[in-house]
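J.: Following this message is one structure expressed as structure tokens.
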Amino acid sequence: MKTFNYTYTKEPLDDLINFSLIKKEKNILIQIFCGHTKEIMQEIVTKLLEELPQAICIGSSTDGEINNSKITTCNTVISFSIFENTTLKTTYVRKKDSFQNGISIAKELFTKDTKLLISFSDGDRMNGEAFLKGIQSVNDNIIVAGGMAGDNANFTQTFVSSQNKIITKGAVAVALDSKTLKVCNAYNFNWSPIGIEHTIDKVEANRVYEISGMKPLDFYEKYLGEYVAKALPATGIEFPLIVKRNGLPIARAVINKHKDGSLSFAGNLYEGDVVKLGFGNVELIMNNPLESLFDTCNIKNTQSFFIYSCMARRRYMPSMVDIEIKPFSQIAPTSGFFTYGEFYHNKGNNELLNQTLTIVALSEVENNDYNLKTSCELEKSTQAISEHARSLQALTHLIQQSSKDYSEQSQELEEGKKYVQNLLDSQKQFLKYAVHETNTPLSIIMGNVEMYEMENGKNKYMSNIEVAMKNISSIYDDLSYLIKKNQVNEATHQINLVDFVRSRIDFFSQSAIKFKSKFEFSSQREIIILNFNEIKLQRIVDNNLTNAIKYSLPNELIRVKMNVINKECHLIIESKSKQILDQQKIFEEYYREQINDQEGFGLGLNLVKRICSEENVGIQLESGINWASFTYIFKEIK
């Protein structure tokens, strides 16, 4: 096998290529990596097939071209590979269904001797992942290489070719059939995830509509800035979403922006996928890329390298991209192009990659054990790098180390969060058991108090016990509601608010007398009907009555009034008491003014506020020197 590469810059092909040297060859593969227009591509193809009608020719538009160690843009590289013991066959497909396109190509080209399929697809319409899965469904053992066509980041029109047919929608492929051809593939990724994890919430194939509750365009603006978001997909492609697929880190770069804020990516994402934004790790990229190949097979006798690399690598580090290409050209002729998505075969799975350098090593040399691992006999590149490259390397190191520190801190915070949550769960469980166990003795005491009074009459000692038990009962009801809130029956029914409030006043009247107070109740109507949940209504009324009892000044009336205004009932509870100094905090959990004067948990009014928010009950609080008034506005009364 021999490979010869030429860079075309619009000069006559006869001046560039000596066709007479290869006219007699039978098995010629021509790959055209075109950075020019489709018209120029057509001229090149026509001329090549006139001179070499027996050749198999495929091509693709590019975002950059590779000719050995030289990287170009807006030029065309023509690569001739001449085989001794390998036959070639090409075809193209243009169906709308990408998966069916893959099936068609595989069924037409695969044989029992196929060692490699090189395929190029259009870069803007084809679903590359579905296309590869279609090929895989026919045969999952054959190595697939190639990629999606580029158009120098214009994102307007890409094209591919098979023989003299040039198409803007579809895919082309060539199968290499041989009993002796050795094929080895590998890849370098070197894009590192950074920041927090995000979840794909809504997606259809490769079009994402929601990421972690945000429109994808808003997501990119938030994390990469307004400039990148506005210029997508031309900018920001260096910062893909990274997700795991079959053990491989897979990048998904933006290829299209839609008016509704959704984004299309070069490859499918799935609902529930956990992703992170990625950045190019220059430190890893600048390492010798040959090492990844040596981890998989022996390339010592490689005769040709084909490289299909992501456009993002060239654009992310334009002054350094040749550093990772050059080591291959020192071993064997190397050609390829920069793509909008790379095709890669890994352990029975065809994967669409982004941000990745994919490599195919070919050899027809016999008696070459490709399963034997060897060490690299070439020295690592000592090529000097620019100050810009060194700055990027330092910045990458800073990002990587900061990300590592962030991850460690996040892990510590997560462990602390779990510990605190366990404590809260244990506390909640303890309260649940304590409240449950309190119910029985509380009921027994209350029952026995009532039985004693029925047989022996009231006395001051039993009255004190009764008052205390009613206070405990109210606290018990609050705790029980808080613990079992999610289990409370939310059903509502018609309640006569007048009778309900009067009954609760009667229940606590003895407690008021014990605290040297007395209730005075008045209502504009005898019947005020309200649709409400009885348990919640009791928590509102009971907490306000018990608070009024606790905080009223001695020998003062607690006035409870009910006024009807425009189909609204105003329940007013006012008393002579110390001024409420902080009217905002009074509804906060565990907050209590005059803490040294009275007992309690500071839960009651917070519970009342929560219920009022849930049930759309208005709250008005007024307080001055030695007085306070709480008004609750119930709507839609009858």
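To be explicit about the labels: the chains of the structure tokens are called A, B, and onward in the order shown, and within each one the residues are counted from 1, while ligands get numbers from 1 in the order they are shown.
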Just list as a ChimeraX atom specification whatever in stretch 7-54 of chain A DSSP marks as strand (DSSP E).
T.: /A:7-8,27-34
J.: Generate a file of the selected residues that holds N, CA and C atoms, formatted as a PDB file, in the first residue's frame.
T.:
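Result file follows (again_37.pdb):
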ATOM      1  N   THR A   7      -1.757  19.052  -2.310  1.00  0.00           N
ATOM      2  CA  THR A   7      -2.591  20.196  -1.957  1.00  0.00           C
ATOM      3  C   THR A   7      -2.864  21.016  -3.207  1.00  0.00           C
ATOM      4  N   TYR A   8      -4.129  21.127  -3.551  1.00  0.00           N
ATOM      5  CA  TYR A   8      -4.551  21.817  -4.763  1.00  0.00           C
ATOM      6  C   TYR A   8      -4.901  23.263  -4.431  1.00  0.00           C
ATOM      7  N   ASN A  27      -6.251  -0.840  -7.937  1.00  0.00           N
ATOM      8  CA  ASN A  27      -7.010  -0.523  -6.719  1.00  0.00           C
ATOM      9  C   ASN A  27      -6.575   0.837  -6.175  1.00  0.00           C
ATOM     10  N   ILE A  28      -7.230   1.871  -6.661  1.00  0.00           N
ATOM     11  CA  ILE A  28      -6.864   3.237  -6.277  1.00  0.00           C
ATOM     12  C   ILE A  28      -8.026   3.864  -5.511  1.00  0.00           C
ATOM     13  N   LEU A  29      -7.733   4.313  -4.300  1.00  0.00           N
ATOM     14  CA  LEU A  29      -8.713   5.075  -3.527  1.00  0.00           C
ATOM     15  C   LEU A  29      -8.298   6.540  -3.534  1.00  0.00           C
ATOM     16  N   ILE A  30      -9.190   7.396  -4.012  1.00  0.00           N
ATOM     17  CA  ILE A  30      -8.942   8.836  -3.990  1.00  0.00           C
ATOM     18  C   ILE A  30      -9.893   9.474  -2.979  1.00  0.00           C
ATOM     19  N   GLN A  31      -9.315  10.195  -2.021  1.00  0.00           N
ATOM     20  CA  GLN A  31     -10.117  10.970  -1.074  1.00  0.00           C
ATOM     21  C   GLN A  31      -9.847  12.453  -1.341  1.00  0.00           C
ATOM     22  N   ILE A  32     -10.923  13.200  -1.533  1.00  0.00           N
ATOM     23  CA  ILE A  32     -10.801  14.635  -1.812  1.00  0.00           C
ATOM     24  C   ILE A  32     -11.361  15.399  -0.624  1.00  0.00           C
ATOM     25  N   PHE A  33     -10.502  16.183  -0.007  1.00  0.00           N
ATOM     26  CA  PHE A  33     -10.910  16.995   1.144  1.00  0.00           C
ATOM     27  C   PHE A  33     -10.932  18.439   0.669  1.00  0.00           C
ATOM     28  N   CYS A  34     -12.143  18.923   0.380  1.00  0.00           N
ATOM     29  CA  CYS A  34     -12.305  20.149  -0.402  1.00  0.00           C
ATOM     30  C   CYS A  34     -12.679  21.343   0.475  1.00  0.00           C
TER      31      CYS A  34
END
J.: For stretch 72-87 of chain A, please output as an mmCIF file with all heavy atoms, in the first residue's frame all residues within 8 Å (counting only C-alpha atoms; exclusion window: fewer than 5 positions along the same chain).
T.:
data_model
loop_
_atom_site.group_PDB
_atom_site.id
_atom_site.type_symbol
_atom_site.label_atom_id
_atom_site.label_comp_id
_atom_site.auth_asym_id
_atom_site.auth_seq_id
_atom_site.Cartn_x
_atom_site.Cartn_y
_atom_site.Cartn_z
ATOM 1 N N MET A 1 0.834 -1.200 0.000
ATOM 2 C CA MET A 1 0.000 0.000 0.000
ATOM 3 C C MET A 1 0.870 1.250 0.000
ATOM 4 O O MET A 1 1.860 1.348 0.723
ATOM 5 C CB MET A 1 -0.916 0.012 1.248
ATOM 6 C CG MET A 1 -1.747 1.275 1.376
ATOM 7 S SD MET A 1 -2.673 1.365 2.923
ATOM 8 C CE MET A 1 -3.496 2.928 2.708
ATOM 9 N N LYS A 2 0.487 2.228 -0.832
ATOM 10 C CA LYS A 2 1.203 3.490 -0.883
ATOM 11 C C LYS A 2 0.192 4.639 -0.904
ATOM 12 O O LYS A 2 -0.872 4.516 -1.490
ATOM 13 C CB LYS A 2 2.086 3.569 -2.135
ATOM 14 C CG LYS A 2 3.194 2.524 -2.197
ATOM 15 C CD LYS A 2 3.970 2.653 -3.494
ATOM 16 C CE LYS A 2 5.048 1.580 -3.579
ATOM 17 N NZ LYS A 2 5.794 1.658 -4.864
ATOM 18 N N THR A 3 0.543 5.751 -0.278
ATOM 19 C CA THR A 3 -0.324 6.923 -0.275
ATOM 20 C C THR A 3 0.476 8.152 -0.692
ATOM 21 O O THR A 3 1.609 8.370 -0.215
ATOM 22 C CB THR A 3 -0.952 7.148 1.106
ATOM 23 O OG1 THR A 3 -1.836 6.063 1.392
ATOM 24 C CG2 THR A 3 -1.752 8.446 1.155
ATOM 25 N N PHE A 4 -0.116 8.955 -1.582
ATOM 26 C CA PHE A 4 0.492 10.197 -2.041
ATOM 27 C C PHE A 4 -0.534 11.319 -1.844
ATOM 28 O O PHE A 4 -1.692 11.187 -2.244
ATOM 29 C CB PHE A 4 0.885 10.106 -3.521
ATOM 30 C CG PHE A 4 1.742 8.916 -3.854
ATOM 31 C CD1 PHE A 4 1.159 7.745 -4.344
ATOM 32 C CD2 PHE A 4 3.107 8.959 -3.671
ATOM 33 C CE1 PHE A 4 1.929 6.643 -4.645
ATOM 34 C CE2 PHE A 4 3.896 7.857 -3.979
ATOM 35 C CZ PHE A 4 3.305 6.691 -4.460
ATOM 36 N N ASN A 5 -0.100 12.413 -1.250
ATOM 37 C CA ASN A 5 -1.007 13.525 -0.939
ATOM 38 C C ASN A 5 -0.585 14.788 -1.681
ATOM 39 O O ASN A 5 0.613 15.106 -1.785
ATOM 40 C CB ASN A 5 -1.020 13.806 0.569
ATOM 41 C CG ASN A 5 -1.427 12.592 1.368
ATOM 42 O OD1 ASN A 5 -2.328 11.856 0.977
ATOM 43 N ND2 ASN A 5 -0.763 12.363 2.501
ATOM 44 N N TYR A 6 -1.581 15.521 -2.165
ATOM 45 C CA TYR A 6 -1.329 16.759 -2.901
ATOM 46 C C TYR A 6 -2.274 17.843 -2.390
ATOM 47 O O TYR A 6 -3.451 17.589 -2.122
ATOM 48 C CB TYR A 6 -1.558 16.560 -4.403
ATOM 49 C CG TYR A 6 -0.715 15.467 -5.011
ATOM 50 C CD1 TYR A 6 -1.200 14.161 -5.077
ATOM 51 C CD2 TYR A 6 0.558 15.727 -5.524
ATOM 52 C CE1 TYR A 6 -0.446 13.143 -5.643
ATOM 53 C CE2 TYR A 6 1.328 14.712 -6.088
ATOM 54 C CZ TYR A 6 0.820 13.418 -6.134
ATOM 55 O OH TYR A 6 1.580 12.411 -6.691
ATOM 56 N N THR A 7 -1.757 19.052 -2.310
ATOM 57 C CA THR A 7 -2.591 20.196 -1.957
ATOM 58 C C THR A 7 -2.864 21.016 -3.207
ATOM 59 O O THR A 7 -1.935 21.508 -3.866
ATOM 60 C CB THR A 7 -1.913 21.081 -0.899
ATOM 61 O OG1 THR A 7 -1.734 20.333 0.299
ATOM 62 C CG2 THR A 7 -2.767 22.306 -0.581
ATOM 63 N N TYR A 8 -4.129 21.127 -3.551
ATOM 64 C CA TYR A 8 -4.551 21.817 -4.763
ATOM 65 C C TYR A 8 -4.901 23.263 -4.431
ATOM 66 O O TYR A 8 -5.663 23.537 -3.508
ATOM 67 C CB TYR A 8 -5.778 21.105 -5.352
ATOM 68 C CG TYR A 8 -6.451 21.842 -6.481
ATOM 69 C CD1 TYR A 8 -5.876 21.883 -7.745
ATOM 70 C CD2 TYR A 8 -7.670 22.491 -6.284
ATOM 71 C CE1 TYR A 8 -6.505 22.543 -8.789
ATOM 72 C CE2 TYR A 8 -8.314 23.159 -7.313
ATOM 73 C CZ TYR A 8 -7.722 23.189 -8.567
ATOM 74 O OH TYR A 8 -8.339 23.852 -9.594
ATOM 75 N N THR A 9 -4.312 24.187 -5.211
ATOM 76 C CA THR A 9 -4.585 25.615 -5.013
ATOM 77 C C THR A 9 -4.999 26.266 -6.322
ATOM 78 O O THR A 9 -4.533 27.336 -6.682
ATOM 79 C CB THR A 9 -3.355 26.338 -4.435
ATOM 80 O OG1 THR A 9 -2.229 26.089 -5.296
ATOM 81 C CG2 THR A 9 -3.032 25.855 -3.028
ATOM 82 N N GLU A 25 -2.364 1.263 -12.162
ATOM 83 C CA GLU A 25 -2.772 0.660 -10.887
ATOM 84 C C GLU A 25 -4.258 0.321 -10.925
ATOM 85 O O GLU A 25 -5.072 1.045 -11.501
ATOM 86 C CB GLU A 25 -2.481 1.615 -9.725
ATOM 87 C CG GLU A 25 -1.020 1.986 -9.561
ATOM 88 C CD GLU A 25 -0.154 0.812 -9.125
ATOM 89 O OE1 GLU A 25 -0.709 -0.199 -8.655
ATOM 90 O OE2 GLU A 25 1.082 0.919 -9.261
ATOM 91 N N ASN A 27 -6.251 -0.840 -7.937
ATOM 92 C CA ASN A 27 -7.010 -0.523 -6.719
ATOM 93 C C ASN A 27 -6.575 0.837 -6.175
ATOM 94 O O ASN A 27 -5.673 0.929 -5.344
ATOM 95 C CB ASN A 27 -6.815 -1.614 -5.677
ATOM 96 C CG ASN A 27 -7.216 -2.976 -6.206
ATOM 97 O OD1 ASN A 27 -8.270 -3.137 -6.802
ATOM 98 N ND2 ASN A 27 -6.347 -3.975 -6.005
ATOM 99 N N ILE A 28 -7.230 1.871 -6.661
ATOM 100 C CA ILE A 28 -6.864 3.237 -6.277
ATOM 101 C C ILE A 28 -8.026 3.864 -5.511
ATOM 102 O O ILE A 28 -9.156 3.927 -6.023
ATOM 103 C CB ILE A 28 -6.541 4.103 -7.509
ATOM 104 C CG1 ILE A 28 -5.442 3.460 -8.363
ATOM 105 C CG2 ILE A 28 -6.129 5.510 -7.071
ATOM 106 C CD1 ILE A 28 -5.227 4.171 -9.690
ATOM 107 N N LEU A 29 -7.733 4.313 -4.300
ATOM 108 C CA LEU A 29 -8.713 5.075 -3.527
ATOM 109 C C LEU A 29 -8.298 6.540 -3.534
ATOM 110 O O LEU A 29 -7.188 6.881 -3.108
ATOM 111 C CB LEU A 29 -8.794 4.574 -2.082
ATOM 112 C CG LEU A 29 -9.644 5.438 -1.123
ATOM 113 C CD1 LEU A 29 -11.100 5.470 -1.571
ATOM 114 C CD2 LEU A 29 -9.522 4.940 0.312
ATOM 115 N N ILE A 30 -9.190 7.396 -4.012
ATOM 116 C CA ILE A 30 -8.942 8.836 -3.990
ATOM 117 C C ILE A 30 -9.893 9.474 -2.979
ATOM 118 O O ILE A 30 -11.108 9.307 -3.054
ATOM 119 C CB ILE A 30 -9.165 9.479 -5.373
ATOM 120 C CG1 ILE A 30 -8.305 8.793 -6.433
ATOM 121 C CG2 ILE A 30 -8.842 10.974 -5.315
ATOM 122 C CD1 ILE A 30 -8.560 9.300 -7.840
ATOM 123 N N GLN A 31 -9.315 10.195 -2.021
ATOM 124 C CA GLN A 31 -10.117 10.970 -1.074
ATOM 125 C C GLN A 31 -9.847 12.453 -1.341
ATOM 126 O O GLN A 31 -8.697 12.884 -1.374
ATOM 127 C CB GLN A 31 -9.750 10.639 0.376
ATOM 128 C CG GLN A 31 -10.085 9.217 0.787
ATOM 129 C CD GLN A 31 -9.751 8.963 2.242
ATOM 130 O OE1 GLN A 31 -10.529 9.280 3.142
ATOM 131 N NE2 GLN A 31 -8.589 8.371 2.475
ATOM 132 N N ILE A 32 -10.923 13.200 -1.533
ATOM 133 C CA ILE A 32 -10.801 14.635 -1.812
ATOM 134 C C ILE A 32 -11.361 15.399 -0.624
ATOM 135 O O ILE A 32 -12.537 15.258 -0.274
ATOM 136 C CB ILE A 32 -11.574 15.017 -3.086
ATOM 137 C CG1 ILE A 32 -11.115 14.162 -4.264
ATOM 138 C CG2 ILE A 32 -11.386 16.497 -3.396
ATOM 139 C CD1 ILE A 32 -11.961 14.349 -5.505
ATOM 140 N N PHE A 33 -10.502 16.183 -0.007
ATOM 141 C CA PHE A 33 -10.910 16.995 1.144
ATOM 142 C C PHE A 33 -10.932 18.439 0.669
ATOM 143 O O PHE A 33 -9.895 19.096 0.568
ATOM 144 C CB PHE A 33 -9.948 16.788 2.303
ATOM 145 C CG PHE A 33 -9.739 15.326 2.627
ATOM 146 C CD1 PHE A 33 -8.481 14.737 2.521
ATOM 147 C CD2 PHE A 33 -10.801 14.519 3.015
ATOM 148 C CE1 PHE A 33 -8.292 13.395 2.812
ATOM 149 C CE2 PHE A 33 -10.621 13.168 3.303
ATOM 150 C CZ PHE A 33 -9.366 12.605 3.198
ATOM 151 N N CYS A 34 -12.143 18.923 0.380
ATOM 152 C CA CYS A 34 -12.305 20.149 -0.402
ATOM 153 C C CYS A 34 -12.679 21.343 0.475
ATOM 154 O O CYS A 34 -13.755 21.375 1.081
ATOM 155 C CB CYS A 34 -13.379 19.928 -1.465
ATOM 156 S SG CYS A 34 -13.631 21.349 -2.541
ATOM 157 N N GLY A 35 -11.808 22.339 0.491
ATOM 158 C CA GLY A 35 -12.091 23.597 1.172
ATOM 159 C C GLY A 35 -12.564 24.664 0.226
ATOM 160 O O GLY A 35 -12.766 25.812 0.619
ATOM 161 N N HIS A 36 -12.720 24.268 -1.065
ATOM 162 C CA HIS A 36 -13.214 25.188 -2.083
ATOM 163 C C HIS A 36 -14.721 24.998 -2.278
ATOM 164 O O HIS A 36 -15.378 24.326 -1.483
ATOM 165 C CB HIS A 36 -12.465 24.943 -3.399
ATOM 166 C CG HIS A 36 -11.027 25.336 -3.337
ATOM 167 N ND1 HIS A 36 -9.986 24.427 -3.459
ATOM 168 C CD2 HIS A 36 -10.432 26.547 -3.168
ATOM 169 C CE1 HIS A 36 -8.823 25.053 -3.381
ATOM 170 N NE2 HIS A 36 -9.064 26.340 -3.200
ATOM 171 N N ASP A 63 -13.695 21.822 7.020
ATOM 172 C CA ASP A 63 -13.380 22.994 7.829
ATOM 173 C C ASP A 63 -11.869 23.069 8.048
ATOM 174 O O ASP A 63 -11.400 23.570 9.042
ATOM 175 C CB ASP A 63 -14.092 22.927 9.183
ATOM 176 C CG ASP A 63 -14.019 24.256 9.918
ATOM 177 O OD1 ASP A 63 -14.669 25.206 9.472
ATOM 178 O OD2 ASP A 63 -13.296 24.342 10.932
ATOM 179 N N GLY A 64 -11.126 22.553 7.107
ATOM 180 C CA GLY A 64 -9.679 22.503 7.192
ATOM 181 C C GLY A 64 -9.188 21.183 6.641
ATOM 182 O O GLY A 64 -9.883 20.174 6.701
ATOM 183 N N GLU A 65 -7.980 21.195 6.101
ATOM 184 C CA GLU A 65 -7.454 20.026 5.424
ATOM 185 C C GLU A 65 -6.104 19.618 6.023
ATOM 186 O O GLU A 65 -5.368 20.459 6.556
ATOM 187 C CB GLU A 65 -7.266 20.301 3.926
ATOM 188 C CG GLU A 65 -8.505 20.836 3.228
ATOM 189 C CD GLU A 65 -8.717 22.342 3.435
ATOM 190 O OE1 GLU A 65 -7.714 23.086 3.335
ATOM 191 O OE2 GLU A 65 -9.878 22.752 3.725
ATOM 192 N N ILE A 66 -5.787 18.316 5.914
ATOM 193 C CA ILE A 66 -4.552 17.767 6.469
ATOM 194 C C ILE A 66 -3.766 17.112 5.345
ATOM 195 O O ILE A 66 -4.254 16.193 4.684
ATOM 196 C CB ILE A 66 -4.852 16.732 7.571
ATOM 197 C CG1 ILE A 66 -5.641 17.359 8.719
ATOM 198 C CG2 ILE A 66 -3.553 16.103 8.091
ATOM 199 C CD1 ILE A 66 -6.217 16.360 9.696
ATOM 200 N N ASN A 67 -2.550 17.597 5.125
ATOM 201 C CA ASN A 67 -1.613 16.990 4.183
ATOM 202 C C ASN A 67 -0.313 16.755 4.919
ATOM 203 O O ASN A 67 0.471 17.672 5.120
ATOM 204 C CB ASN A 67 -1.396 17.895 2.971
ATOM 205 C CG ASN A 67 -0.460 17.264 1.936
ATOM 206 O OD1 ASN A 67 0.202 16.263 2.204
ATOM 207 N ND2 ASN A 67 -0.413 17.856 0.753
ATOM 208 N N ASN A 152 -16.324 25.387 6.512
ATOM 209 C CA ASN A 152 -15.549 26.511 7.049
ATOM 210 C C ASN A 152 -16.355 27.361 8.021
ATOM 211 O O ASN A 152 -16.255 28.591 8.047
ATOM 212 C CB ASN A 152 -14.989 27.377 5.912
ATOM 213 C CG ASN A 152 -14.030 26.617 5.025
ATOM 214 O OD1 ASN A 152 -13.040 26.059 5.502
ATOM 215 N ND2 ASN A 152 -14.326 26.548 3.734
ATOM 216 N N LEU A 176 -13.510 -1.192 2.025
ATOM 217 C CA LEU A 176 -12.205 -1.768 1.725
ATOM 218 C C LEU A 176 -12.260 -3.245 2.071
ATOM 219 O O LEU A 176 -12.365 -3.609 3.251
ATOM 220 C CB LEU A 176 -11.102 -1.063 2.530
ATOM 221 C CG LEU A 176 -10.651 0.321 2.027
ATOM 222 C CD1 LEU A 176 -11.756 1.364 2.197
ATOM 223 C CD2 LEU A 176 -9.393 0.779 2.757
ATOM 224 N N ASP A 177 -12.220 -4.097 1.038
ATOM 225 C CA ASP A 177 -12.303 -5.548 1.213
ATOM 226 C C ASP A 177 -10.933 -6.170 1.009
ATOM 227 O O ASP A 177 -10.264 -5.906 -0.008
ATOM 228 C CB ASP A 177 -13.282 -6.156 0.214
ATOM 229 C CG ASP A 177 -14.721 -5.751 0.491
ATOM 230 O OD1 ASP A 177 -14.938 -5.023 1.484
ATOM 231 O OD2 ASP A 177 -15.600 -6.153 -0.277
ATOM 232 N N SER A 178 -10.517 -6.995 1.954
ATOM 233 C CA SER A 178 -9.196 -7.611 1.851
ATOM 234 C C SER A 178 -9.071 -8.742 2.850
ATOM 235 O O SER A 178 -9.747 -8.757 3.887
ATOM 236 C CB SER A 178 -8.107 -6.567 2.116
ATOM 237 O OG SER A 178 -6.831 -7.152 2.095
ATOM 238 N N LYS A 179 -8.187 -9.682 2.535
ATOM 239 C CA LYS A 179 -7.864 -10.739 3.490
ATOM 240 C C LYS A 179 -6.581 -10.417 4.252
ATOM 241 O O LYS A 179 -6.255 -11.062 5.243
ATOM 242 C CB LYS A 179 -7.702 -12.074 2.761
ATOM 243 C CG LYS A 179 -8.982 -12.587 2.119
ATOM 244 C CD LYS A 179 -8.788 -13.963 1.530
ATOM 245 C CE LYS A 179 -10.064 -14.461 0.839
ATOM 246 N NZ LYS A 179 -11.195 -14.584 1.776
ATOM 247 N N THR A 180 -5.835 -9.403 3.785
ATOM 248 C CA THR A 180 -4.538 -9.091 4.390
ATOM 249 C C THR A 180 -4.460 -7.697 5.007
ATOM 250 O O THR A 180 -3.549 -7.419 5.786
ATOM 251 C CB THR A 180 -3.419 -9.219 3.342
ATOM 252 O OG1 THR A 180 -3.675 -8.307 2.266
ATOM 253 C CG2 THR A 180 -3.356 -10.638 2.796
ATOM 254 N N LEU A 181 -5.404 -6.829 4.639
ATOM 255 C CA LEU A 181 -5.337 -5.441 5.129
ATOM 256 C C LEU A 181 -5.459 -5.398 6.649
ATOM 257 O O LEU A 181 -6.356 -6.000 7.232
ATOM 258 C CB LEU A 181 -6.452 -4.607 4.496
ATOM 259 C CG LEU A 181 -6.486 -3.124 4.889
ATOM 260 C CD1 LEU A 181 -5.282 -2.382 4.328
ATOM 261 C CD2 LEU A 181 -7.793 -2.478 4.410
ATOM 262 N N SER A 335 -3.224 11.942 5.806
ATOM 263 C CA SER A 335 -4.158 12.865 5.163
ATOM 264 C C SER A 335 -5.486 12.825 5.907
ATOM 265 O O SER A 335 -5.778 11.886 6.651
ATOM 266 C CB SER A 335 -4.375 12.499 3.690
ATOM 267 O OG SER A 335 -4.937 11.204 3.584
ATOM 268 N N GLU A 364 -0.814 -3.132 4.506
ATOM 269 C CA GLU A 364 -0.947 -4.421 3.836
ATOM 270 C C GLU A 364 0.291 -5.284 4.061
ATOM 271 O O GLU A 364 0.443 -6.332 3.440
ATOM 272 C CB GLU A 364 -1.163 -4.219 2.329
ATOM 273 C CG GLU A 364 -2.537 -3.686 1.986
ATOM 274 C CD GLU A 364 -2.793 -3.615 0.500
ATOM 275 O OE1 GLU A 364 -1.908 -3.102 -0.226
ATOM 276 O OE2 GLU A 364 -3.859 -4.078 0.056
#
J.: Just the residues within 6 Å of A:Ile529, please, counting only C-alpha atoms, with nothing from its chain fewer than 4 positions along; format it as a list of chain:residue names.
T.: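 The residues that qualify are A:Ile495, A:Asn496, A:Ile637, A:Lys638.
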J.: Using N, CA and C atoms, can you write the selected residues to a file as a compact mmCIF listing (two decimals), in the first residue's frame?
T.:
# COMPACT_ATOMS: atom_id res chain seq x y z
N ILE A 495 -68.69 25.20 56.33
CA ILE A 495 -68.57 25.41 57.78
C ILE A 495 -69.22 26.74 58.12
N ASN A 496 -70.06 26.73 59.17
CA ASN A 496 -70.58 27.99 59.70
C ASN A 496 -69.49 28.59 60.57
N ILE A 637 -67.31 33.95 50.88
CA ILE A 637 -68.24 33.42 51.88
C ILE A 637 -69.65 33.46 51.34
N LYS A 638 -70.56 32.78 52.03
CA LYS A 638 -71.96 32.76 51.62
C LYS A 638 -72.83 33.30 52.75
J.: Report as a PyMOL selection string all protein, DNA and RNA residues lying within 8 Å of A:Gln494, evaluated on only C-alpha atoms, omitting residues in the same chain fewer than 5 positions from it.
T.: chain A and resi 529-532
J.: Residues as selected, C-alpha atoms, written as a short mmCIF file (atom, residue, chain, number, x, y, z; two decimals), in the first residue's frame, can you do that?
T.:
data_model
loop_
_atom_site.label_atom_id
_atom_site.label_comp_id
_atom_site.auth_asym_id
_atom_site.auth_seq_id
_atom_site.Cartn_x
_atom_site.Cartn_y
_atom_site.Cartn_z
CA ILE A 529 -70.79 29.88 55.47
CA LEU A 530 -67.25 29.14 54.29
CA ASN A 531 -65.84 26.27 52.20
CA PHE A 532 -62.71 25.31 54.09
#
J.: Could you pull out all residues of stretch 198-350 of chain A with a DSSP call of helix (DSSP H, G or I) and give them as JSON, numbers by chain?
T.: {"A": [216, 217, 218, 219, 220, 221, 222, 223, 224, 226, 227, 228, 229, 230, 231, 282, 283, 284, 285, 290, 291, 292, 293, 294, 311, 312, 313, 314, 315, 316, 321, 322, 323, 324, 325, 326, 327, 328, 329]}
J.: List the neighbours of stretch 220-232 of chain A out to 12 Å using only C-alpha atoms; skip same-chain residues closer than 3 positions along the sequence, and give me the result as a ChimeraX atom specification.
T.: /A:153-155,194-196,198,210-212,214-217,235-241,253-259,261-265,276-279
J.: So which residues touch A:Asn566 within 12 Å, counting only C-alpha atoms, skipping near sequence neighbours fewer than 4 positions away, as a list in words?
T.: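 These residues fall inside the cut-off: His570, Ile633, Phe634, Lys635, Glu636, Ile637 and Lys638 of chain A.
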J.: Choose the residue, out of A:Glu574, A:Glu51, A:Asp260, A:Glu589, that has the smallest atom-to-atom separation from A:Leu621; count only C-alpha atoms.
T.: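 Ranking A:Glu574, A:Glu51, A:Asp260, A:Glu589 by distance to A:Leu621, first place goes to A:Glu574.
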J.: Considering only C-alpha atoms, return as a PyMOL selection string whatever protein or nucleic-acid residues lie within 12 Å of A:Gly59, sequence-local ones (same chain, fewer than 5 positions apart) excluded.
T.: chain A and resi 29-36+38+41-42+44-45+65+76-80+90-92+118-122+146-150+158-168+171-174+336-337
